Amino acid sequence: MRQPVKWSWSFTGKAASILSCVCRDAGADRTARKPPTEVLEAVRVLARICPDRLIAGVLNRNGLLTGRGNRWTQERITALRSHHHIPCYRADQRDGHPWMNLTEASEYLGVSARTLRLAVARGEIEAQHPLADGPWVFNRDTLRTAAATALVERVRSRNRQPAVPNTEQITFDFSST
C-alpha cells in the first residue's frame, strides 16, 4: 500500500501548513497501457514485408488503438518494434528476403492474386493474414513446395481458348426506333 507523502511549510510568525497526498508510483499502471496481443503479433508479421508507416495505416484501418487509446503513427510503431525487439523492414534487402506480399507471391508463381488467395482459402498453400483488412504474407519456401507447383500446373493446364461462337445461338435484333 502506498504511504501518503506529507509536506509542511511555515511563514515567519504564522501557523504551519501541512499538505498530504498520495503520489502515483512510477509505472504502476503500465500493464493497463500495453498494446493488445493481437497488435503485437500483427506488427511482428507485417514488419517482414512493409515499413512502419504502412503498418500504422493497416492497424488504423482495422480500428486497433494503442494501449492509451490513440491511433497508430509511424513513430509509435517504431517505438513498439524497438521495445519488443522486432526487426525493422528494409527495402534494400527485399530481394533475398524470404517473405513477400500477395502481389509479389502471385508474380513469383505466375498466377493471379485472386487464384493465389483462393488457394490459401482452400488450404492448398500456407500464408499469414494477421488482420482482416491487411496484407497477406507468404514465405518463399512455401511457394517452392509440391502443393504450389501443383497449383501452377493446374492453372496453366486450363483451357484458355476464347469461346467459339455457336451458329445455333439466337441473335437479338434491336430496333433503332
# chains A, B, ... in the order shown; residues from 1 in each chain; ligands from 1
>>> select_by_dssp(residues="range 35-89 of chain A", states="helix (DSSP H, G or I)", output="VMD selection string")
chain A and resid 37 to 46 52 to 61 74 to 83
>>> closest_atom_pairs(of="range 101-176 of chain A", to="range 49-62 of chain A", cutoff="9 Å", atoms="only C-alpha atoms", output="CSV")
residue,atom,partner,partner_atom,distance
A:Asn101,CA,A:Ile49,CA,6.5
A:Leu131,CA,A:Asn62,CA,7.2
A:Ala132,CA,A:Asn62,CA,7.3
A:Asp133,CA,A:Asn62,CA,6.0
A:Gly134,CA,A:Val58,CA,5.8
A:Pro135,CA,A:Val58,CA,8.4
A:Val137,CA,A:Ile49,CA,7.3
>>> closest_residue(among="A:Val155, A:Met100, A:Ala91, A:Val43", to="Arg76 in chain A", atoms="only C-alpha atoms")
A:Val43
>>> select_by_dssp(residues="range 23-155 of chain A", states="strand (DSSP E or B)", output="list in words")
Trp99, Met100, Asn101, Gln128, Val137, Phe138 and Asn139 of chain A
>>> write_last_selection(atoms="C-alpha atoms", output="mmCIF file, in the first residue's frame")
data_model
loop_
_atom_site.group_PDB
_atom_site.id
_atom_site.type_symbol
_atom_site.label_atom_id
_atom_site.label_comp_id
_atom_site.auth_asym_id
_atom_site.auth_seq_id
_atom_site.Cartn_x
_atom_site.Cartn_y
_atom_site.Cartn_z
ATOM 1 C CA TRP A 99 8.877 -13.022 -47.070
ATOM 2 C CA MET A 100 6.637 -11.471 -49.724
ATOM 3 C CA ASN A 101 3.182 -9.958 -50.068
ATOM 4 C CA GLN A 128 -0.375 -15.434 -42.891
ATOM 5 C CA VAL A 137 2.306 -12.596 -46.040
ATOM 6 C CA PHE A 138 3.854 -15.548 -47.894
ATOM 7 C CA ASN A 139 7.081 -17.404 -47.218
#
>>> residues_around(residues="range 79-82 of chain A", least_positions_apart="2", cutoff="12 Å", atoms="only C-alpha atoms", output="count of residues only")
31
>>> residues_around(residues="Arg156 in chain A", least_positions_apart="2", cutoff="12 Å", atoms="only C-alpha atoms", output="JSON, numbers by chain")
{"A": [109, 110, 111, 112, 115, 149, 150, 151, 152, 153, 154, 158, 159, 160]}
>>> closest_residue(among="A:Arg33, A:Arg122, A:Arg140, A:Arg68", to="Glu104 in chain A", atoms="only C-alpha atoms")
A:Arg140
>>> atom_distance(atom1="CA of Thr37 in chain A", atom2="CA of Arg94 in chain A")
27.0 Å
>>> closest_residue(among="A:Ala146, A:Pro130, A:Asp95, A:Ser106", to="Leu118 in chain A", atoms="only C-alpha atoms")
A:Ser106
>>> atom_distance(atom1="CA of Glu38 in chain A", atom2="CA of Ala105 in chain A")
24.6 Å
>>> atom_distance(atom1="CA of Gly63 in chain A", atom2="CA of Leu102 in chain A")
22.3 Å
>>> closest_residue(among="A:Ser157, A:Glu126, A:Ala113, A:Arg71", to="Thr145 in chain A", atoms="only C-alpha atoms")
A:Glu126
>>> decode(residues="range 18-168 of chain A", atoms="C-alpha atoms", output="short mmCIF file (atom, residue, chain, number, x, y, z; two decimals), in the first residue's frame")
data_model
loop_
_atom_site.label_atom_id
_atom_site.label_comp_id
_atom_site.auth_asym_id
_atom_site.auth_seq_id
_atom_site.Cartn_x
_atom_site.Cartn_y
_atom_site.Cartn_z
CA ILE A 18 0.60 20.75 6.08
CA LEU A 19 -0.34 19.21 2.77
CA SER A 20 -0.78 15.46 2.42
CA CYS A 21 -1.27 13.48 -0.80
CA VAL A 22 -0.67 10.04 -2.22
CA CYS A 23 1.75 10.09 -5.13
CA ARG A 24 1.38 7.70 -8.00
CA ASP A 25 4.07 5.04 -8.27
CA ALA A 26 6.09 5.41 -11.44
CA GLY A 27 4.94 2.73 -13.88
CA ALA A 28 2.21 1.43 -11.54
CA ASP A 29 -0.39 1.33 -14.34
CA ARG A 30 1.83 0.19 -17.23
CA THR A 31 0.03 -3.12 -17.54
CA ALA A 32 -3.13 -1.24 -18.49
CA ARG A 33 -1.24 0.54 -21.28
CA LYS A 34 0.20 -2.48 -23.07
CA PRO A 35 -0.91 -2.86 -26.67
CA PRO A 36 -3.23 -5.81 -27.25
CA THR A 37 -1.53 -9.11 -28.11
CA GLU A 38 -3.30 -9.03 -31.48
CA VAL A 39 -1.50 -5.77 -32.34
CA LEU A 40 1.89 -7.08 -31.26
CA GLU A 41 1.54 -10.27 -33.31
CA ALA A 42 0.29 -8.32 -36.33
CA VAL A 43 3.30 -5.97 -36.14
CA ARG A 44 5.66 -8.97 -35.90
CA VAL A 45 4.22 -10.40 -39.14
CA LEU A 46 3.76 -7.13 -41.04
CA ALA A 47 7.28 -5.86 -40.23
CA ARG A 48 8.55 -8.59 -42.54
CA ILE A 49 7.01 -7.03 -45.65
CA CYS A 50 6.20 -3.35 -45.05
CA PRO A 51 7.61 -0.22 -43.41
CA ASP A 52 6.30 1.27 -40.17
CA ARG A 53 4.20 3.93 -41.93
CA LEU A 54 2.19 1.26 -43.77
CA ILE A 55 1.85 -0.88 -40.63
CA ALA A 56 0.37 2.12 -38.81
CA GLY A 57 -2.14 2.62 -41.63
CA VAL A 58 -3.18 -1.05 -41.58
CA LEU A 59 -3.68 -1.02 -37.80
CA ASN A 60 -5.74 2.18 -38.00
CA ARG A 61 -7.83 0.81 -40.88
CA ASN A 62 -8.63 -2.23 -38.73
CA GLY A 63 -9.73 0.01 -35.83
CA LEU A 64 -6.92 -1.03 -33.48
CA LEU A 65 -5.68 1.52 -30.97
CA THR A 66 -2.59 1.89 -28.80
CA GLY A 67 -2.64 0.94 -25.12
CA ARG A 68 -3.58 4.55 -24.32
CA GLY A 69 -6.39 4.62 -26.88
CA ASN A 70 -4.57 6.64 -29.55
CA ARG A 71 -4.34 5.98 -33.27
CA TRP A 72 -1.11 4.46 -34.58
CA THR A 73 1.64 6.54 -36.18
CA GLN A 74 4.95 5.62 -37.75
CA GLU A 75 6.75 6.79 -34.62
CA ARG A 76 4.56 4.66 -32.34
CA ILE A 77 5.17 1.57 -34.48
CA THR A 78 8.92 2.25 -34.41
CA ALA A 79 8.84 2.55 -30.60
CA LEU A 80 6.78 -0.65 -30.29
CA ARG A 81 9.17 -2.57 -32.53
CA SER A 82 12.18 -1.26 -30.65
CA HIS A 83 10.71 -2.10 -27.23
CA HIS A 84 9.78 -5.66 -28.28
CA HIS A 85 12.96 -6.26 -30.35
CA ILE A 86 11.10 -6.75 -33.64
CA PRO A 87 13.42 -6.35 -36.65
CA CYS A 88 12.86 -3.40 -38.96
CA TYR A 89 11.68 -3.78 -42.57
CA ARG A 90 14.48 -2.95 -45.02
CA ALA A 91 13.56 -2.33 -48.64
CA ASP A 92 17.19 -2.71 -49.77
CA GLN A 93 17.24 -6.33 -48.55
CA ARG A 94 13.92 -7.20 -50.17
CA ASP A 95 15.27 -9.41 -52.98
CA GLY A 96 16.94 -12.01 -50.79
CA HIS A 97 14.29 -11.84 -48.09
CA PRO A 98 12.12 -14.97 -47.64
CA TRP A 99 8.88 -13.02 -47.07
CA MET A 100 6.64 -11.47 -49.72
CA ASN A 101 3.18 -9.96 -50.07
CA LEU A 102 0.32 -11.30 -52.19
CA THR A 103 1.27 -9.36 -55.33
CA GLU A 104 4.90 -10.46 -55.18
CA ALA A 105 3.93 -14.08 -54.45
CA SER A 106 1.48 -14.20 -57.36
CA GLU A 107 4.12 -12.77 -59.71
CA TYR A 108 6.66 -15.27 -58.37
CA LEU A 109 4.31 -18.17 -59.16
CA GLY A 110 2.94 -16.69 -62.38
CA VAL A 111 -0.71 -16.84 -61.29
CA SER A 112 -3.22 -14.13 -60.49
CA ALA A 113 -3.52 -12.74 -56.97
CA ARG A 114 -7.13 -13.95 -56.81
CA THR A 115 -6.11 -17.50 -57.73
CA LEU A 116 -3.47 -17.49 -55.02
CA ARG A 117 -5.90 -16.09 -52.42
CA LEU A 118 -8.42 -18.81 -53.27
CA ALA A 119 -5.72 -21.49 -52.97
CA VAL A 120 -4.92 -20.19 -49.49
CA ALA A 121 -8.62 -20.24 -48.57
CA ARG A 122 -8.83 -23.88 -49.73
CA GLY A 123 -5.77 -24.73 -47.63
CA GLU A 124 -3.54 -25.63 -50.58
CA ILE A 125 -0.90 -23.01 -49.76
CA GLU A 126 0.09 -21.57 -46.38
CA ALA A 127 0.05 -17.84 -45.78
CA GLN A 128 -0.38 -15.43 -42.89
CA HIS A 129 -3.12 -12.84 -42.80
CA PRO A 130 -2.78 -11.19 -39.39
CA LEU A 131 -5.56 -8.62 -39.85
CA ALA A 132 -8.83 -8.85 -41.75
CA ASP A 133 -8.17 -5.62 -43.64
CA GLY A 134 -4.46 -6.07 -44.23
CA PRO A 135 -1.89 -7.68 -46.49
CA TRP A 136 -1.20 -11.38 -46.90
CA VAL A 137 2.31 -12.60 -46.04
CA PHE A 138 3.85 -15.55 -47.89
CA ASN A 139 7.08 -17.40 -47.22
CA ARG A 140 9.18 -18.02 -50.33
CA ASP A 141 9.90 -21.59 -49.17
CA THR A 142 6.16 -22.30 -49.04
CA LEU A 143 5.88 -21.23 -52.67
CA ARG A 144 8.53 -23.81 -53.64
CA THR A 145 6.57 -26.79 -52.28
CA ALA A 146 4.88 -29.52 -54.32
CA ALA A 147 1.47 -28.01 -53.49
CA ALA A 148 2.45 -24.68 -55.05
CA THR A 149 3.87 -26.44 -58.11
CA ALA A 150 0.64 -28.44 -58.49
CA LEU A 151 -1.39 -25.22 -58.28
CA VAL A 152 0.68 -23.59 -61.02
CA GLU A 153 0.39 -26.65 -63.26
CA ARG A 154 -3.37 -26.83 -62.73
CA VAL A 155 -3.76 -23.14 -63.62
CA ARG A 156 -1.60 -23.42 -66.73
CA SER A 157 -3.39 -26.54 -67.98
CA ARG A 158 -6.80 -24.85 -68.03
CA ASN A 159 -8.33 -24.19 -71.41
CA ARG A 160 -7.74 -20.51 -72.11
CA GLN A 161 -9.13 -20.50 -75.63
CA PRO A 162 -11.76 -17.87 -76.36
CA ALA A 163 -15.33 -19.09 -76.61
CA VAL A 164 -16.22 -20.19 -80.11
CA PRO A 165 -19.42 -18.58 -81.43
CA ASN A 166 -22.26 -21.05 -81.71
CA THR A 167 -24.09 -20.90 -85.03
CA GLU A 168 -27.30 -22.06 -83.36
#
